[in-house]
Structures are given as structure tokens and as C-alpha cells.
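Reproduced below: final.cif, with mmCIF, C-alpha atoms and all ligand atoms.
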data_input
#
loop_
_atom_site.label_atom_id
_atom_site.label_comp_id
_atom_site.auth_asym_id
_atom_site.auth_seq_id
_atom_site.Cartn_x
_atom_site.Cartn_y
_atom_site.Cartn_z
CA MET A 246 -36.87 18.10 60.94
CA ASP A 247 -35.55 20.51 58.37
CA VAL A 248 -37.69 23.12 56.71
CA GLU A 249 -36.55 22.29 53.24
CA ASN A 250 -37.03 23.54 49.72
CA GLN A 251 -38.11 26.98 50.74
CA LYS A 252 -36.65 30.30 49.84
CA VAL A 253 -34.73 31.71 52.79
CA VAL A 254 -35.67 35.36 52.99
CA ASN A 255 -33.86 36.20 56.16
CA ARG A 256 -31.39 34.58 58.46
CA GLY A 257 -30.70 35.45 62.07
CA SER A 258 -27.26 36.33 63.32
CA GLY A 259 -26.99 33.07 65.32
CA ALA A 260 -23.34 33.87 65.89
CA TYR A 261 -21.31 30.96 67.20
CA PRO A 262 -17.67 32.12 67.23
CA TYR A 263 -16.30 28.59 67.37
CA ARG A 264 -18.10 27.80 64.14
CA ARG A 265 -16.66 30.73 62.26
CA SER A 266 -13.89 28.76 60.60
CA LEU A 267 -16.41 26.15 59.48
CA TRP A 268 -18.62 28.87 58.10
CA LEU A 269 -15.66 30.31 56.18
CA VAL A 270 -14.94 26.95 54.60
CA PHE A 271 -18.64 26.59 53.80
CA LEU A 272 -18.82 30.06 52.28
CA VAL A 273 -15.69 29.50 50.20
CA ILE A 274 -17.17 26.28 48.82
CA VAL A 275 -20.50 27.97 48.11
CA CYS A 276 -18.78 30.93 46.39
CA SER A 277 -16.45 28.72 44.36
CA LEU A 278 -19.40 26.76 43.07
CA ALA A 279 -21.10 30.03 42.11
CA VAL A 280 -24.39 28.64 43.39
CA GLN A 281 -27.45 30.36 41.94
CA GLN A 282 -29.94 28.88 44.40
CA PRO A 283 -30.00 29.89 48.06
CA PRO A 284 -27.89 27.40 50.03
CA VAL A 285 -29.69 24.58 51.83
CA PHE A 286 -28.60 24.50 55.45
CA GLY A 287 -27.96 21.24 57.24
CA GLN A 288 -29.33 21.00 60.76
CA GLN A 289 -25.90 21.69 62.25
CA ASP A 290 -25.40 24.84 60.21
CA ARG A 291 -28.84 26.40 60.47
CA PRO A 292 -29.16 29.65 62.33
CA GLU A 293 -31.00 29.58 65.64
CA ASN A 294 -33.77 31.86 64.33
CA GLU A 295 -35.10 32.07 60.81
CA VAL A 296 -37.99 33.65 58.95
CA THR A 297 -39.24 32.12 55.69
CA LYS A 298 -41.94 33.55 53.44
CA LEU A 299 -44.93 31.22 53.01
CA ALA A 300 -47.22 33.55 51.03
CA ASP A 301 -47.73 37.30 50.62
CA ASP A 302 -47.73 38.78 54.15
CA VAL A 303 -47.52 35.30 55.71
CA TYR A 304 -44.27 34.08 57.24
CA LEU A 305 -42.90 31.03 59.02
CA PHE A 306 -40.82 31.78 62.11
CA ARG A 307 -38.48 29.02 63.26
CA HIS A 308 -36.57 29.10 66.55
CA GLN A 309 -34.37 26.01 66.96
CA PHE A 310 -36.86 23.13 66.56
CA HIS A 311 -40.03 25.13 67.16
CA GLN A 312 -42.09 26.98 64.59
CA ALA A 313 -44.84 29.58 64.46
CA ILE A 314 -46.35 31.81 61.78
CA PHE A 315 -46.99 35.53 61.61
CA ILE A 316 -49.13 37.66 59.33
CA THR A 317 -48.55 41.30 58.53
CA THR A 318 -51.34 43.75 57.70
CA PRO A 319 -51.56 47.54 57.30
CA LYS A 320 -53.25 47.63 60.74
CA GLY A 321 -50.77 45.48 62.62
CA ALA A 322 -49.29 42.00 62.81
CA ILE A 323 -50.83 38.75 64.04
CA VAL A 324 -48.37 36.39 65.68
CA THR A 325 -48.90 32.79 66.79
CA ASP A 326 -46.81 31.01 69.44
CA PRO A 327 -43.99 33.21 70.82
CA ILE A 328 -42.04 29.96 71.65
CA SER A 329 -39.64 31.37 74.29
CA ALA A 330 -38.44 34.66 75.79
CA ASP A 331 -35.35 34.68 73.54
CA ALA A 332 -37.34 33.68 70.46
CA ALA A 333 -40.01 36.34 71.06
CA ALA A 334 -37.47 39.12 71.65
CA TRP A 335 -35.72 38.20 68.40
CA LEU A 336 -39.04 38.00 66.54
CA LYS A 337 -40.25 41.36 67.83
CA ALA A 338 -37.16 43.07 66.37
CA GLU A 339 -37.30 40.99 63.17
CA ILE A 340 -40.95 41.79 62.39
CA LYS A 341 -39.97 45.44 62.03
CA LYS A 342 -38.24 44.44 58.78
CA TYR A 343 -41.59 43.25 57.38
CA SER A 344 -44.01 45.76 58.87
CA ASP A 345 -43.96 49.21 60.47
CA GLN A 346 -47.05 48.24 62.47
CA PRO A 347 -47.06 46.74 65.98
CA VAL A 348 -48.15 43.22 66.89
CA ARG A 349 -51.91 43.39 67.59
CA TYR A 350 -52.69 39.73 68.34
CA VAL A 351 -50.76 36.80 69.81
CA ILE A 352 -52.51 33.44 69.34
CA TYR A 353 -51.53 30.50 71.56
CA SER A 354 -51.79 27.15 69.72
CA HIS A 355 -52.28 25.26 73.04
CA HIS A 356 -51.10 25.66 76.62
CA HIS A 357 -47.72 23.87 76.46
CA ASN A 358 -45.03 26.25 77.63
CA ASP A 359 -42.42 25.14 75.10
CA HIS A 360 -44.58 26.89 72.48
CA ILE A 361 -46.14 29.85 74.27
CA THR A 362 -43.55 31.30 76.63
CA GLY A 363 -42.21 34.80 75.95
CA GLY A 364 -45.35 36.63 74.80
CA SER A 365 -44.81 39.32 77.43
CA VAL A 366 -42.57 41.24 75.00
CA PHE A 367 -45.69 41.86 72.88
CA ALA A 368 -47.94 42.80 75.82
CA ASP A 369 -47.55 46.56 75.21
CA THR A 370 -49.60 46.34 71.98
CA ALA A 371 -51.13 42.85 71.67
CA THR A 372 -54.32 41.07 72.67
CA PHE A 373 -53.69 37.44 73.65
CA VAL A 374 -55.97 34.71 72.33
CA SER A 375 -56.38 31.01 73.14
CA HIS A 376 -58.97 28.27 73.32
CA ALA A 377 -61.11 28.57 76.48
CA ALA A 378 -59.65 25.38 78.03
CA ALA A 379 -56.10 26.73 77.74
CA ARG A 380 -56.76 29.80 79.87
CA PRO A 381 -57.09 28.18 83.33
CA LYS A 382 -53.96 26.12 82.68
CA ILE A 383 -51.97 29.21 81.68
CA LEU A 384 -53.37 31.06 84.69
CA GLN A 385 -52.38 28.22 86.99
CA ALA A 386 -48.85 27.99 85.55
CA GLY A 387 -48.44 31.66 86.49
CA ASP A 388 -45.44 32.37 84.27
CA SER A 389 -44.81 36.13 84.13
CA GLN A 390 -43.43 35.73 80.60
CA THR A 391 -46.69 34.22 79.38
CA PRO A 392 -49.58 36.71 79.49
CA VAL A 393 -52.93 35.14 80.37
CA PRO A 394 -55.25 35.17 77.31
CA ASP A 395 -57.56 38.20 77.06
CA LEU A 396 -59.85 36.54 74.53
CA THR A 397 -60.93 32.91 74.40
CA PHE A 398 -63.40 30.88 72.34
CA THR A 399 -64.81 27.35 72.32
CA ASP A 400 -65.57 26.43 68.66
CA ARG A 401 -64.57 29.10 66.17
CA MET A 402 -63.28 32.64 66.24
CA PHE A 403 -62.50 35.10 63.46
CA ILE A 404 -59.92 37.84 63.51
CA ASP A 405 -60.31 40.48 60.81
CA LEU A 406 -57.46 42.96 60.76
CA GLY A 407 -56.23 45.26 58.00
CA GLY A 408 -58.04 43.30 55.28
CA LYS A 409 -56.79 39.88 56.48
CA HIS A 410 -59.22 37.22 57.63
CA VAL A 411 -57.92 34.64 60.10
CA GLU A 412 -59.99 31.74 61.46
CA LEU A 413 -59.25 29.98 64.74
CA ILE A 414 -60.95 26.59 64.91
CA TYR A 415 -61.20 24.01 67.67
CA THR A 416 -61.40 20.47 66.28
CA GLY A 417 -61.72 18.66 69.61
CA ARG A 418 -59.22 17.02 71.94
CA ASN A 419 -56.08 15.56 70.39
CA HIS A 420 -52.55 16.20 71.67
CA SER A 421 -54.12 18.50 74.30
CA ASP A 422 -57.67 19.47 75.23
CA ASN A 423 -57.19 23.01 73.92
CA SER A 424 -55.29 22.84 70.61
CA LEU A 425 -56.61 25.28 68.04
CA VAL A 426 -55.79 25.45 64.35
CA VAL A 427 -55.18 28.71 62.51
CA LEU A 428 -56.75 28.73 59.05
CA LEU A 429 -55.91 31.38 56.46
CA PRO A 430 -58.67 30.78 53.88
CA GLU A 431 -57.23 33.22 51.35
CA ASN A 432 -53.91 31.35 51.34
CA LYS A 433 -55.42 27.88 51.88
CA LEU A 434 -52.91 27.48 54.69
CA LEU A 435 -53.38 25.72 58.03
CA PHE A 436 -51.12 26.07 61.09
CA ALA A 437 -51.44 23.19 63.58
CA VAL A 438 -49.10 22.44 66.45
CA ASP A 439 -48.01 19.07 67.83
CA PHE A 440 -50.95 17.04 66.54
CA ILE A 441 -50.35 16.66 62.79
CA PRO A 442 -46.65 15.82 62.41
CA VAL A 443 -45.64 15.57 58.75
CA GLU A 444 -44.48 12.00 58.05
CA THR A 445 -43.21 11.84 61.61
CA VAL A 446 -44.49 9.53 64.37
CA ALA A 447 -46.13 11.01 67.50
CA TYR A 448 -44.02 12.58 70.20
CA ARG A 449 -42.66 9.96 72.60
CA THR A 450 -45.24 8.33 74.95
CA MET A 451 -48.08 10.73 74.03
CA ARG A 452 -48.39 11.50 77.73
CA SER A 453 -50.91 14.35 77.55
CA ASP A 454 -52.79 12.98 74.57
CA TYR A 455 -56.30 11.66 73.87
CA PRO A 456 -55.79 9.08 71.08
CA ASP A 457 -59.44 8.32 70.22
CA ASP A 458 -60.48 11.99 70.25
CA TRP A 459 -57.33 12.74 68.26
CA ILE A 460 -58.48 10.48 65.41
CA GLU A 461 -61.87 12.26 65.38
CA SER A 462 -60.15 15.65 65.54
CA LEU A 463 -58.10 14.79 62.44
CA LYS A 464 -61.28 13.87 60.57
CA GLN A 465 -62.54 17.37 61.32
CA VAL A 466 -59.28 18.88 60.09
CA GLU A 467 -59.69 16.89 56.86
CA GLN A 468 -63.02 18.70 56.30
CA LEU A 469 -61.34 22.12 56.29
CA ASP A 470 -60.40 23.84 53.05
CA PHE A 471 -56.61 24.17 52.90
CA GLU A 472 -53.63 22.97 50.89
CA ALA A 473 -50.49 23.82 52.90
CA LEU A 474 -50.02 22.36 56.38
CA VAL A 475 -47.59 24.24 58.61
CA PRO A 476 -46.69 22.29 61.76
CA GLY A 477 -45.10 23.48 65.02
CA HIS A 478 -42.06 21.29 64.31
CA GLY A 479 -40.48 20.01 61.12
CA ARG A 480 -41.14 20.48 57.47
CA VAL A 481 -44.17 22.11 55.89
CA GLY A 482 -46.60 19.58 54.45
CA LYS A 483 -49.88 19.29 52.59
CA LYS A 484 -53.46 18.51 53.51
CA GLU A 485 -52.78 14.89 52.60
CA HIS A 486 -50.51 14.64 55.68
CA ALA A 487 -53.47 15.03 58.05
CA ARG A 488 -55.09 11.92 56.57
CA MET A 489 -51.74 10.09 56.62
CA PHE A 490 -51.23 10.84 60.29
CA ARG A 491 -54.78 9.74 61.11
CA GLY A 492 -54.01 6.48 59.29
CA TYR A 493 -50.92 6.09 61.45
CA LEU A 494 -52.87 6.57 64.70
CA GLU A 495 -55.58 4.16 63.55
CA ASP A 496 -53.00 1.51 62.56
CA LEU A 497 -51.11 1.97 65.84
CA ARG A 498 -54.33 1.70 67.84
CA ALA A 499 -55.47 -1.45 66.01
CA ALA A 500 -52.07 -3.17 66.29
CA VAL A 501 -51.69 -2.46 70.02
CA ASN A 502 -55.33 -3.18 70.83
CA GLU A 503 -55.11 -6.70 69.42
CA HIS A 504 -52.58 -7.52 72.16
CA VAL A 505 -54.24 -5.50 74.90
CA GLN A 506 -57.45 -7.49 74.43
CA LYS A 507 -55.44 -10.70 74.95
CA GLY A 508 -54.01 -9.29 78.17
CA ALA A 509 -50.42 -9.08 76.86
CA SER A 510 -47.83 -7.27 78.98
CA LEU A 511 -46.29 -3.96 77.94
CA GLU A 512 -42.91 -5.65 77.39
CA GLU A 513 -44.45 -8.24 75.06
CA VAL A 514 -46.34 -5.61 73.11
CA LYS A 515 -43.29 -3.37 72.70
CA LYS A 516 -41.34 -6.36 71.37
CA THR A 517 -44.07 -7.56 69.02
CA VAL A 518 -45.76 -4.52 67.50
CA GLN A 519 -44.13 -3.09 64.38
CA LEU A 520 -45.64 -0.94 61.63
CA PRO A 521 -43.21 -1.34 58.70
CA LYS A 522 -45.47 0.85 56.55
CA TYR A 523 -44.21 3.83 58.58
CA GLU A 524 -40.57 2.92 59.17
CA GLN A 525 -39.43 5.61 56.72
CA TRP A 526 -41.12 8.29 58.84
CA GLN A 527 -39.06 10.60 61.01
CA ARG A 528 -38.32 9.32 64.54
CA TYR A 529 -39.75 5.86 63.87
CA ALA A 530 -36.60 4.21 65.24
CA ASP A 531 -36.60 5.97 68.60
CA TRP A 532 -40.16 7.21 69.22
CA PHE A 533 -42.25 4.37 67.77
CA PRO A 534 -41.65 2.03 70.77
CA GLU A 535 -42.70 4.93 73.02
CA ASN A 536 -45.82 5.50 70.90
CA VAL A 537 -46.64 1.80 71.41
CA GLU A 538 -46.17 2.26 75.15
CA GLY A 539 -48.43 5.32 75.25
CA MET A 540 -51.15 3.60 73.23
CA TYR A 541 -50.83 0.47 75.43
CA ARG A 542 -51.36 2.49 78.61
CA TYR A 543 -54.29 4.38 77.08
CA LEU A 544 -56.05 1.23 75.83
CA SER A 545 -55.35 -0.68 79.05
CA GLN A 546 -56.92 2.13 81.08
CA GLN A 547 -59.85 2.19 78.68
CA ARG A 548 -60.26 -1.59 79.10
CA GLU A 549 -60.27 -1.17 82.87
CA GLY A 550 -62.82 1.59 82.54
CA VAL A 551 -60.45 4.32 83.80
CA ARG A 552 -60.73 6.39 80.60
ZN ZN B 601 -47.57 20.37 72.94
#

Show me the file's structure as C-alpha cells.
Amino acid sequence: MDVENQKVVNRGSGAYPYRRSLWLVFLVIVCSLAVQQPPVFGQQDRPENEVTKLADDVYLFRHQFHQAIFITTPKGAIVTDPISADAAAWLKAEIKKYSDQPVRYVIYSHHHNDHITGGSVFADTATFVSHAAARPKILQAGDSQTPVPDLTFTDRMFIDLGGKHVELIYTGRNHSDNSLVVLLPENKLLFAVDFIPVETVAYRTMRSDYPDDWIESLKQVEQLDFEALVPGHGRVGKKEHARMFRGYLEDLRAAVNEHVQKGASLEEVKKTVQLPKYEQWQRYADWFPENVEGMYRYLSQQREGVR
């Protein structure tokens, strides 16, 4: 899940004293090779926090395995998922290197707390935004580090700040019932979290997901005008990856459904169903059987009229 082939514009301190000797060896090798390009960091060596430029005034923020974007403008910054208390505190200090303006908006991609915790550090200057269906869930969770959204919307919302135009779009239920996408039309860039993995299978048993709506949601995403796809985990992709992931869900659904209709057991289905077309994708080896399980449960419930 590396963010590869991108220019590293800033690295966090991420100081691990026990790794210092390794770093020294690494640096000596890098220096002795007189490398012109910025070094590519392996997963073990990457700093905990990292900011990478995506376009003018548009940046990718990575904290461990989670990612968000932020946009700077002369009237303030727009931040998406704060990720965690530690991540947000680091980001708040880091943004000062890119802008002398405060954070004016924090946009929650969906209600899952592994993406949206920590926004309280921006509460002194920011308005918090989410899809309408996320708000009651955030309210109910009652985490003091996660401010309840001030502004919500159901279909589309525009934020115009300091000459930047940002569109928030709801494309229906998918990985949650409140996932929004952030579209930057000027940059033809789309930020989408947890529902369009780039050449990666779905997360584990898809517990909170709505597979049939998800397929329809991806068709809507495919209608949007963008080129770069920035996910909440893993490498940056292209528009093409939305169609590829829809194809994966459709193939998974069809393969599992064939057995569900015959009344096969979960054990049989997990043993039988394979999708070799996707075995080169990330996490196929460990998460694909769980994807099969999730799809089996969903389709079985559908067959019994529960969903
Ligand atoms: Zn999620």
C-alpha cells in the first residue's frame, strides 16, 4: 500500500531511535550512490506522517496507512479526514509550512472513526462538513475528539473559498450509507475513501457494506469528470480504477451467487470460489476469502428476504 512514484516534498520526523543505525546505513548507501531522484521508501522505512504534493495547492497527507487531502487557498485551508488525534495535531503544525491561513473547513469522508477522529484540534477555526446520514452516527458515538458536523448535505454541496471550487458529491450507499467524494474539477482529481481501492480487493468481510448499491454508486462515480483517483488507503490511481473495482464486485457477486442459489454452504463456497483475474491485486491472498464470506452472507440474506 505504498504511495509510489511521487515526489516527496516533506517528511515527518517519525523518529524511532532504534532505527537510527539502519537509517545511517541507508543514508550512506544513498549518498554513495549519489542518487539524483528522491529516495523511494519501503514500507518499513517510511515516516509515520508524510505530505506529498498532488497539484498546485493540493496535497496528500498520509498517516501510517491512512490518507487524506488538503487544499490551501489565500482565504484558508480545506482539510478532509483528520484520521486521528496524533495525525491531526501533526497536520495542523505541518500545514503552516504551506499556508499562513487557518483551516476553514474539515470534511469527513464518512463516519468511520479510523478516518475522522482528531478534528477537535481544528475546531477553533473550522466548520465541519459531512453527508447528512453521517451526522447522527457521529453524534451517537460522542467522541470529544470528533466535532459533530456543522454543515451537512444529501446530494451535492459546493465549497468556494479563496478562488478554489470544491464539490462534495454523494453517489449512494457503498462501503457506508454516508460516503461522500471530494471532486476538484480544476485539477480533475477525486478523493474517495474505502470504496474504490486501487487494484486492491475489498476490506475483509465488507461488514458495513451494501454490495448492490456499491456497484450502482461506482457507476455514478464513473460519470464524474476526473483523472486522478486518491483513495483513503494505498496508492493514487486513475479514473479507470473505479471501473476496474466495479468489475471486481460484479464478478465476485456473480461467482458467489451461482453457489448461493444452489444452497451451498459458506465452507463450500469459500473453498470453491476463486477469481484468478484478480490474484495480482493487493490483499487477494488474505482478504479475498473474507470478501467471498461477506458476499455470501449478503446474498443469503437477500435470498431469505432479510435485505
Ligand atoms: Zn470506512

Would you mind reading off the distance between atom CA of Ile323 of chain A and atom CA of Val351 of chain A, one decimal, in Å? 6.1 Å

Point (-64.7, 32.5, 62.8) neighbourhood (8 Å, only C-alpha atoms) written as a PyMOL selection string: chain A and resi 401-404+411-414

Fewer than 3 positions away in the same chain doesn't count, so skip those; otherwise give me all residues within 10 Å of Tyr529 of chain A, counting only C-alpha atoms, as a ChimeraX atom specification. /A:444-447,519-521,523-526,532-536

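Coordinates place atom CA of Ala499 of chain A at a distance of 13.9 Å from atom CA of Gln547 of chain A.
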
Pick out the residues no farther than 8 Å from ligand ZN 601 (chain B), counting only C-alpha atoms and all ligand atoms, and list them as an MDAnalysis selection string. chainID A and resid 355:360 420:421 438:440

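In this model, the gap between atom CA of Ala377 of chain A and atom CA of Pro347 of chain A comes to 25.3 Å.
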
Which residue out of A:Val348, A:Val481, A:Ala437, A:Val537 has the minimum interatomic distance to Val505 of chain A when all atoms listed in the file are used? A:Val537

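Using all atoms listed in the file, the smallest distance between any of A:Val374, A:Ile383, A:Val466, A:Leu544 and Ala509 of chain A comes from A:Leu544.
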
Have a look at A:Val427, A:Val393, A:Ala487, A:Val551 and name the one nearest to Phe315 of chain A; count only C-alpha atoms.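 Closest to Phe315 of chain A, using only C-alpha atoms: A:Val427.
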
Might you pull out every residue within 10 Å of Pro327 of chain A, with all atoms listed in the file counted and same-chain residues fewer than 5 positions away left off, and present them as a ChimeraX atom specification? /A:306,308,311-315,332-337,351-354,358-367,391

So, with all atoms listed in the file as the atoms that count, which of A:Asp457, A:Thr317, A:Leu425, A:Pro442 lies closest to Arg480 of chain A?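 For Arg480 of chain A, the nearest of the given residues is A:Pro442.
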
Using all atoms listed in the file, can you tell me which of A:Ser424, A:Ala338, A:Ala473, A:Ser344 comes closest to Ala379 of chain A? A:Ser424

As a PyMOL selection string, please: the residues near Ile460 of chain A (cut-off 12 Å, all atoms listed in the file, same-chain neighbours under 3 positions excluded). chain A and resi 416-420+440-441+454-457+463-467+487-498

I'd like to know which of A:Pro292, A:Leu435, A:Ala322, A:Ala368 is closest to Ser389 of chain A, using all atoms listed in the file.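 Going through A:Pro292, A:Leu435, A:Ala322, A:Ala368 one by one, the smallest distance to Ser389 of chain A is for A:Ala368.
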